[in-house]
Structures are given as C-alpha cells and as structure tokens.
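A.B. asks: Coordinates in entry_8.cif, mmCIF, C-alpha atoms, are listed below.
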data_query
loop_
_atom_site.label_atom_id
_atom_site.label_comp_id
_atom_site.auth_asym_id
_atom_site.auth_seq_id
_atom_site.Cartn_x
_atom_site.Cartn_y
_atom_site.Cartn_z
CA MET Q 102 48.97 -46.50 -59.06
CA SER Q 103 51.54 -44.00 -57.92
CA GLU Q 104 50.43 -41.20 -55.65
CA GLN Q 105 51.32 -38.02 -57.43
CA ILE Q 106 50.53 -34.73 -55.77
CA LYS Q 107 49.34 -32.13 -58.21
CA LYS Q 108 49.02 -28.40 -57.83
CA PHE Q 109 45.35 -27.43 -57.94
CA MET Q 110 44.35 -23.79 -58.35
CA TYR Q 111 40.81 -22.47 -57.88
CA ILE Q 112 40.35 -19.05 -59.47
CA ASN Q 113 37.60 -16.86 -58.03
CA ARG Q 114 36.51 -13.86 -60.11
CA ARG Q 115 32.90 -13.26 -59.00
CA ALA Q 116 31.24 -11.27 -56.22
CA PRO Q 117 29.65 -13.43 -53.49
CA TYR Q 118 25.84 -13.08 -53.58
CA GLY Q 119 24.68 -11.86 -57.00
CA THR Q 120 25.51 -15.21 -58.60
CA ILE Q 121 26.14 -18.73 -57.26
CA TYR Q 122 29.77 -18.95 -58.45
CA ALA Q 123 31.47 -18.04 -55.16
CA TRP Q 124 29.42 -20.50 -53.14
CA GLU Q 125 29.92 -23.27 -55.72
CA SER Q 126 33.66 -22.66 -55.70
CA LEU Q 127 33.78 -23.09 -51.93
CA GLU Q 128 31.83 -26.34 -52.21
CA VAL Q 129 34.22 -27.74 -54.81
CA VAL Q 130 37.28 -26.63 -52.83
CA LEU Q 131 35.98 -28.41 -49.73
CA ILE Q 132 35.23 -31.58 -51.69
CA GLY Q 133 38.62 -31.43 -53.43
CA ALA Q 134 40.37 -30.98 -50.07
CA ALA Q 135 39.68 -34.66 -49.35
CA PHE Q 136 42.10 -35.72 -52.11
CA ASP Q 137 45.37 -34.55 -50.51
CA GLN Q 138 46.51 -32.33 -53.34
CA ASP Q 139 48.47 -29.08 -53.20
CA VAL Q 140 45.56 -26.65 -53.21
CA SER Q 141 45.64 -22.88 -53.74
CA LEU Q 142 42.89 -20.31 -54.21
CA ALA Q 143 43.22 -17.08 -56.17
CA PHE Q 144 40.96 -14.08 -55.78
CA MET Q 145 41.02 -11.58 -58.62
CA ASP Q 146 38.61 -9.13 -60.28
CA ASP Q 147 35.25 -9.16 -58.40
CA GLY Q 148 36.39 -12.31 -56.56
CA VAL Q 149 38.14 -10.12 -53.99
CA TYR Q 150 34.69 -9.04 -52.72
CA GLN Q 151 34.16 -12.60 -51.41
CA LEU Q 152 36.67 -11.98 -48.61
CA ILE Q 153 35.32 -8.65 -47.29
CA LYS Q 154 34.90 -8.84 -43.52
CA GLY Q 155 31.65 -8.09 -41.69
CA GLN Q 156 29.24 -9.64 -44.21
CA ASP Q 157 25.74 -9.76 -42.70
CA THR Q 158 22.98 -11.23 -44.86
CA SER Q 159 20.27 -11.08 -42.18
CA GLU Q 160 18.27 -8.51 -44.16
CA VAL Q 161 18.47 -10.13 -47.60
CA ASP Q 162 17.30 -13.66 -46.76
CA MET Q 163 20.42 -15.40 -48.06
CA LYS Q 164 22.99 -17.63 -46.34
CA ASN Q 165 26.12 -15.81 -45.20
CA PHE Q 166 28.79 -18.29 -46.25
CA SER Q 167 31.76 -16.00 -45.50
CA PRO Q 168 32.59 -17.77 -42.17
CA THR Q 169 33.40 -20.89 -44.24
CA TYR Q 170 36.59 -19.23 -45.55
CA GLN Q 171 38.01 -19.32 -42.02
CA ALA Q 172 37.42 -23.11 -41.91
CA LEU Q 173 39.55 -23.73 -45.03
CA GLY Q 174 42.73 -23.93 -42.94
CA ASP Q 175 41.37 -27.00 -41.15
CA TYR Q 176 41.21 -28.72 -44.55
CA ASP Q 177 44.83 -27.83 -45.34
CA VAL Q 178 43.75 -25.10 -47.73
CA THR Q 179 46.16 -22.45 -46.52
CA LYS Q 180 47.16 -20.48 -49.62
CA LEU Q 181 44.69 -17.77 -50.56
CA PHE Q 182 46.31 -15.44 -53.09
CA VAL Q 183 44.61 -12.05 -53.36
CA GLU Q 184 45.52 -9.85 -56.30
CA LYS Q 185 46.57 -6.39 -55.15
CA GLU Q 186 45.51 -4.52 -58.29
CA SER Q 187 41.95 -5.90 -58.12
CA LEU Q 188 41.63 -4.73 -54.51
CA GLU Q 189 42.95 -1.25 -55.31
CA GLU Q 190 40.70 -0.79 -58.35
CA ARG Q 191 37.74 -1.46 -56.06
CA GLY Q 192 38.74 1.00 -53.33
CA LEU Q 193 39.73 -1.80 -50.94
CA THR Q 194 42.81 -2.69 -48.88
CA LEU Q 195 43.94 -5.80 -47.00
CA GLU Q 196 42.36 -4.27 -43.87
CA ASP Q 197 38.91 -4.60 -45.47
CA LEU Q 198 39.31 -8.39 -45.72
CA MET Q 199 38.68 -11.11 -43.13
CA PRO Q 200 41.82 -11.89 -41.07
CA LEU Q 201 41.95 -15.53 -42.22
CA THR Q 202 44.47 -17.79 -40.52
CA TYR Q 203 45.60 -21.43 -40.31
CA GLU Q 204 47.68 -23.45 -37.87
CA ASP Q 205 50.98 -24.60 -39.39
CA GLU Q 206 51.58 -28.22 -38.36
CA ASP Q 207 55.21 -28.00 -39.56
CA ASP Q 208 55.86 -25.04 -37.25
CA ASP Q 209 54.47 -26.15 -33.85
CA TRP Q 210 50.93 -25.22 -34.93
CA ALA Q 211 51.80 -21.54 -35.12
CA GLU Q 212 48.90 -19.41 -36.33
CA LYS Q 213 49.67 -17.87 -39.71
CA ALA Q 214 47.86 -15.68 -42.21
CA SER Q 215 46.19 -17.56 -45.09
CA ILE Q 216 45.77 -14.49 -47.28
CA ARG Q 217 48.81 -13.61 -49.37
CA LEU Q 218 48.66 -10.30 -51.16
CA VAL Q 219 50.32 -10.63 -54.56
CA SER Q 220 50.68 -8.44 -57.63
CA ARG Q 221 49.07 -9.36 -60.94
CA ALA Q 222 52.52 -10.29 -62.32
CA GLU Q 223 53.29 -12.47 -59.30
CA LEU Q 224 49.93 -14.21 -59.59
CA ALA Q 225 50.55 -14.85 -63.27
CA ASP Q 226 53.77 -16.66 -62.30
CA ILE Q 227 51.93 -18.68 -59.64
CA LEU Q 228 49.25 -19.69 -62.17
CA GLU Q 229 51.98 -20.75 -64.58
CA GLN Q 230 53.24 -23.28 -62.01
CA GLN Q 231 49.88 -25.03 -61.54
CA ASP Q 232 48.94 -28.46 -62.92
CA VAL Q 233 45.15 -27.98 -62.85
CA ILE Q 234 43.08 -24.81 -62.88
CA PHE Q 235 39.40 -24.54 -61.89
CA SER Q 236 37.62 -21.31 -62.85
CA PHE Q 237 34.71 -19.74 -61.00
CA MET Y 144 8.68 12.43 -67.01
CA SER Y 145 10.87 11.09 -64.21
CA THR Y 146 12.54 7.72 -64.35
CA LEU Y 147 13.96 5.46 -61.67
CA HIS Y 148 16.96 3.61 -63.08
CA THR Y 149 18.01 0.47 -61.22
CA VAL Y 150 21.41 -1.23 -61.48
CA ASN Y 151 22.02 -4.66 -59.93
CA LYS Y 152 25.27 -5.72 -61.62
CA SER Y 153 28.83 -5.00 -60.54
CA PRO Y 154 30.23 -2.08 -62.56
CA PHE Y 155 33.58 -3.88 -62.60
CA GLU Y 156 32.14 -6.90 -64.37
CA LYS Y 157 29.35 -5.57 -66.59
CA SER Y 158 28.66 -2.30 -68.44
CA SER Y 159 25.13 -1.87 -66.99
CA MET Y 160 26.09 0.98 -64.69
CA GLU Y 161 28.14 2.79 -67.31
CA SER Y 162 25.25 2.65 -69.79
CA CYS Y 163 22.83 3.75 -67.08
CA LEU Y 164 24.98 6.78 -66.24
CA ALA Y 165 25.23 7.65 -69.93
CA TYR Y 166 21.44 7.55 -70.35
CA ALA Y 167 20.19 8.97 -67.04
CA LYS Y 168 18.90 12.52 -67.56
CA ALA Y 169 18.82 15.34 -65.03
CA GLY Y 170 15.88 14.89 -62.66
CA SER Y 171 16.00 11.12 -62.78
CA SER Y 172 17.05 8.76 -60.01
CA VAL Y 173 19.52 5.86 -59.94
CA LEU Y 174 19.21 3.08 -57.37
CA LEU Y 175 22.11 0.65 -56.89
CA TYR Y 176 21.24 -2.74 -55.39
CA GLU Y 177 22.51 -6.35 -55.24
CA ASP Y 178 25.97 -6.39 -56.93
CA GLY Y 179 25.30 -2.85 -58.15
CA ILE Y 180 26.21 -1.59 -54.66
CA TYR Y 181 29.89 -2.04 -55.49
CA GLY Y 182 29.51 1.06 -57.65
CA ALA Y 183 28.84 3.10 -54.50
CA ILE Y 184 32.23 2.50 -52.86
CA LYS Y 185 34.53 5.53 -52.54
CA GLY Y 186 37.89 5.80 -54.24
CA THR Y 187 37.21 4.04 -57.53
CA THR Y 188 36.96 5.14 -61.17
CA VAL Y 189 33.24 4.31 -61.02
CA ALA Y 190 32.74 6.56 -57.99
CA GLU Y 191 34.31 9.42 -59.96
CA LYS Y 192 31.69 9.00 -62.69
CA VAL Y 193 28.89 9.06 -60.10
CA THR Y 194 30.28 12.21 -58.50
CA ALA Y 195 30.63 13.87 -61.92
CA LYS Y 196 26.98 13.20 -62.80
CA ASN Y 197 24.98 16.34 -61.97
CA GLY Y 198 21.23 16.59 -61.46
CA VAL Y 199 20.71 12.88 -60.83
CA ASN Y 200 19.71 11.50 -57.41
CA PHE Y 201 21.69 8.44 -56.36
CA TYR Y 202 20.50 5.79 -53.91
CA VAL Y 203 21.97 2.51 -52.66
CA LEU Y 204 20.10 -0.30 -50.92
CA GLY Y 205 21.34 -0.65 -47.32
CA PRO Y 206 20.57 -4.37 -46.80
CA ASP Y 207 22.66 -5.24 -49.89
CA LEU Y 208 25.59 -3.13 -48.59
CA LYS Y 209 25.33 -4.93 -45.26
CA ALA Y 210 25.17 -8.40 -46.84
CA ARG Y 211 28.38 -7.69 -48.75
CA GLY Y 212 30.24 -6.24 -45.78
CA VAL Y 213 30.43 -2.73 -47.22
CA SER Y 214 30.18 -0.29 -44.31
CA GLU Y 215 28.21 2.92 -44.74
CA ASP Y 216 31.30 5.11 -44.30
CA LYS Y 217 32.70 3.61 -47.51
CA VAL Y 218 29.77 4.92 -49.53
CA VAL Y 219 30.40 7.92 -51.79
CA ASP Y 220 29.13 11.20 -50.29
CA GLY Y 221 25.92 12.18 -52.02
CA ILE Y 222 24.58 8.65 -52.46
CA GLU Y 223 21.64 8.15 -50.09
CA ILE Y 224 21.42 4.80 -48.29
CA VAL Y 225 17.83 3.50 -48.41
CA ASP Y 226 15.80 0.52 -47.16
CA TYR Y 227 13.30 -1.68 -49.04
CA ALA Y 228 10.38 0.63 -48.15
CA LYS Y 229 12.15 3.59 -49.76
CA PHE Y 230 12.87 1.41 -52.85
CA VAL Y 231 9.11 0.93 -53.20
CA THR Y 232 8.46 4.63 -52.64
CA LEU Y 233 10.99 5.55 -55.34
CA ALA Y 234 9.36 3.13 -57.78
CA ALA Y 235 5.94 4.63 -56.99
CA GLU Y 236 7.06 8.27 -57.12
CA ASN Y 237 8.70 8.03 -60.51
CA ASP Y 238 6.70 7.68 -63.71
CA LYS Y 239 8.51 4.51 -64.67
CA VAL Y 240 11.32 2.17 -63.73
CA GLN Y 241 14.12 1.25 -66.12
CA ALA Y 242 16.11 -1.76 -64.96
CA TRP Y 243 19.69 -1.98 -66.26
CA VAL Y 244 20.02 -5.73 -65.76
#
Would you write the structure of this file as structure tokens?

C.D. replies:
Amino acid sequence: MSEQIKKFMYINRRAPYGTIYAWESLEVVLIGAAFDQDVSLAFMDDGVYQLIKGQDTSEVDMKNFSPTYQALGDYDVTKLFVEKESLEERGLTLEDLMPLTYEDEDDDWAEKASIRLVSRAELADILEQQDVIFSF
Amino acid sequence: MSTLHTVNKSPFEKSSMESCLAYAKAGSSVLLYEDGIYGAIKGTTVAEKVTAKNGVNFYVLGPDLKARGVSEDKVVDGIEIVDYAKFVTLAAENDKVQAWV
C-alpha cells in the first residue's frame, strides 16, 4: 500500500470547559499525530477561548488541559490557525493567547510560533485545501 | 418579586443571554457563570447590551473567570465579581431563580 500523506484539519469551535468538545478534540489530535499526516488545527468562533493564557481551574474542580496545547509541537502538530475575526468579536487579541511554540527540525531546531493569525477569508482558503476535516 | 436570572452558556454560541436580557426586569439580578462568563468581557457587542441594561444588577462567578483565563480587569465595569458563597446568598435573597440554560 502506498504511503500517501493527507492534509488533516481539526476545527475547534467550542469553549474549553462548558462542554467536552475541546478536550475530546485534543485527544483525537494526539492520537492522530501517530499516523504521520499533515495535521493542522483551526480555532474559530468560541474555539478561540481554548487558547486563552492563564487558565486556572483550581477553584472549579476540573482538569486544566490548556498546558497540553504547548506539547502539540512535540507531536509535529505545528500549525494552529486562529481566526482573527472570532478573536476580535470576543474582545480578545493575540496577546491574550498562550505563546505556543515548536522547534523546527528543518531549521536547526529554531523555536517558532505555532499560532498563525489568519482572516476568515484566508482560513476558508486553507480549509479548501484539506483532504479530511474533523469538527469539534 | 425579585428574580435571580442565571446564564451559563456562551452568548456567542447560544441565545440564552440575549433572551435573559430581554426578559430581566428592573430590580432583578443576572449572574453569569460557566460559559456565561464570556458575556462579561469588555469590548464586545454583548458587553454593550449589558451596559445598556438599566436597573439590573449584574454578577459574574470569579472561579469560572479564573478557570477560563479571563482576568478581572477584562470584566465590564459594573459587573460584580462574586464567589460561590455569594451565589448562594443571591439565590436565597431573591424570591426565585430563573435559569437560562
């Protein structure tokens, strides 16, 4: 069987703790990372809330899974597209998000930003190029 | 008759908060918690509706802000940040609770 690399996109549109979607998405992304595909994540609508820095669940008795996003780079998940319009509508900027990075093995392990701020139109083009889309 | 209205859904995903604001009468209270806390962040169209609502007391649950990484300085002026004990007090002080789930 020929090894064909496909473009996998995971779309995140839910806030992190009110429902299980965000956590489930992370689980599936980490499992999927074992299959050596070209993986991207998109954060739009309430999904942008997943990446807010400084999450502290100590007073609500839930697991804070936000540190896991920083580990994605170690699994070669290095493209996190964040939709600009969704951030702005919610009173947020890039500075409100976790400074996620990865080490680029093709560039002497230089540390680079994983989050790529894109417009709705740009993200639409990126989605158009995907082979498989998972929705959360 | 005073009512405590509670909203626990994101105003950007569901219409719970919008309906709550449309129904809440002067003298009543609105408490935002869980994903409802996103309605308390400054600089949004939702925040404008909260600010425009006169005679209603607004509260937001601090532990849910903290869990979601929303710092207190991002909360709309006029919305009081409360803890679980105050949530209970509000429920007890009002004649009834209406949950906009």

A.B. asks: Care to translate the PyMOL selection byres ((chain Q and resi 156) around 9) into actual residues of this file, as a PyMOL selection string?

C.D. replies: (chain Q and resi 152-155+157-158+165-167) or (chain Y and resi 208-213)

A.B. asks: For the selection just defined, write its residues with C-alpha atoms to a file, as a PDB file, in the coordinates of the input.

C.D. replies:
ATOM      1  CA  LEU Q 152      36.670 -11.980 -48.610  1.00  0.00           C
ATOM      2  CA  ILE Q 153      35.320  -8.650 -47.290  1.00  0.00           C
ATOM      3  CA  LYS Q 154      34.900  -8.840 -43.520  1.00  0.00           C
ATOM      4  CA  GLY Q 155      31.650  -8.090 -41.690  1.00  0.00           C
ATOM      5  CA  ASP Q 157      25.740  -9.760 -42.700  1.00  0.00           C
ATOM      6  CA  THR Q 158      22.980 -11.230 -44.860  1.00  0.00           C
ATOM      7  CA  ASN Q 165      26.120 -15.810 -45.200  1.00  0.00           C
ATOM      8  CA  PHE Q 166      28.790 -18.290 -46.250  1.00  0.00           C
ATOM      9  CA  SER Q 167      31.760 -16.000 -45.500  1.00  0.00           C
TER      10      SER Q 167
ATOM     11  CA  LEU Y 208      25.590  -3.130 -48.590  1.00  0.00           C
ATOM     12  CA  LYS Y 209      25.330  -4.930 -45.260  1.00  0.00           C
ATOM     13  CA  ALA Y 210      25.170  -8.400 -46.840  1.00  0.00           C
ATOM     14  CA  ARG Y 211      28.380  -7.690 -48.750  1.00  0.00           C
ATOM     15  CA  GLY Y 212      30.240  -6.240 -45.780  1.00  0.00           C
ATOM     16  CA  VAL Y 213      30.430  -2.730 -47.220  1.00  0.00           C
TER      17      VAL Y 213
END

A.B. asks: Using all atoms listed in the file, can you list as a VMD selection string the residues within 8 Å of (30.3, 11.0, -56.0)?

C.D. replies: chain Y and resid 185 190 to 196 219 to 222

A.B. asks: Any chance you could export the current selection's C-alpha atoms as a short mmCIF file (atom, residue, chain, number, x, y, z; two decimals), keeping the file's coordinate frame?

C.D. replies:
data_model
loop_
_atom_site.label_atom_id
_atom_site.label_comp_id
_atom_site.auth_asym_id
_atom_site.auth_seq_id
_atom_site.Cartn_x
_atom_site.Cartn_y
_atom_site.Cartn_z
CA LYS Y 185 34.53 5.53 -52.54
CA ALA Y 190 32.74 6.56 -57.99
CA GLU Y 191 34.31 9.42 -59.96
CA LYS Y 192 31.69 9.00 -62.69
CA VAL Y 193 28.89 9.06 -60.10
CA THR Y 194 30.28 12.21 -58.50
CA ALA Y 195 30.63 13.87 -61.92
CA LYS Y 196 26.98 13.20 -62.80
CA VAL Y 219 30.40 7.92 -51.79
CA ASP Y 220 29.13 11.20 -50.29
CA GLY Y 221 25.92 12.18 -52.02
CA ILE Y 222 24.58 8.65 -52.46
#

A.B. asks: Can you give me, as a VMD selection string, the residues this file yields under the PyMOL selection byres ((chain Q and resi 124) around 12)?

C.D. replies: chain Q and resid 113 to 123 125 to 131 148 151 163 to 170 237

A.B. asks: Would you tabulate, counting only C-alpha atoms, all residues of segment 149-224 of chain Y that have an atom at most 12 Å from an atom of segment 183-191 of chain Q, showing the closest pair of atoms and their distance in Å to one decimal, sorted by chain then ascending number, as CSV?

C.D. replies:
residue,atom,partner,partner_atom,distance
Y:Ser153,CA,Q:Arg191,CA,10.6
Y:Pro154,CA,Q:Arg191,CA,10.0
Y:Phe155,CA,Q:Arg191,CA,8.1
Y:Glu156,CA,Q:Arg191,CA,11.4
Y:Ile180,CA,Q:Arg191,CA,11.6
Y:Tyr181,CA,Q:Arg191,CA,7.9
Y:Gly182,CA,Q:Arg191,CA,8.8
Y:Ala183,CA,Q:Arg191,CA,10.1
Y:Ile184,CA,Q:Arg191,CA,7.5
Y:Lys185,CA,Q:Arg191,CA,8.5
Y:Gly186,CA,Q:Arg191,CA,7.5
Y:Thr187,CA,Q:Arg191,CA,5.7
Y:Thr188,CA,Q:Glu190,CA,7.6
Y:Val189,CA,Q:Arg191,CA,8.8
Y:Ala190,CA,Q:Arg191,CA,9.6
Y:Val213,CA,Q:Arg191,CA,11.5
Y:Lys217,CA,Q:Arg191,CA,11.1

A.B. asks: Taking the file as shown, what set of residues would the PyMOL selection byres ((chain Y and resi 244) around 7) give back, as a PyMOL selection string?

C.D. replies: chain Y and resi 150-152+159+242-243

A.B. asks: At most 12 Å from (39.2, -22.9, -43.8), file frame, only C-alpha atoms: which residues, as number ranges by chain?

C.D. replies: Q: 127-128, 130-131, 134, 140-142, 166-181, 199-204, 214-216

A.B. asks: Out of Y:Asn197, Y:Ala169, Y:Met144, Y:Gly179, which residue has the shortest atom-to-atom distance to Glu236 of chain Y when counting only C-alpha atoms?

C.D. replies: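 Of the candidates, the smallest distance to Glu236 of chain Y is held by Y:Met144.
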
A.B. asks: To one decimal place in Å, what is the distance between atom CA of Leu195 of chain Q and atom CA of Ser220 of chain Q?

C.D. replies: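 Those two atoms sit 12.9 Å apart.
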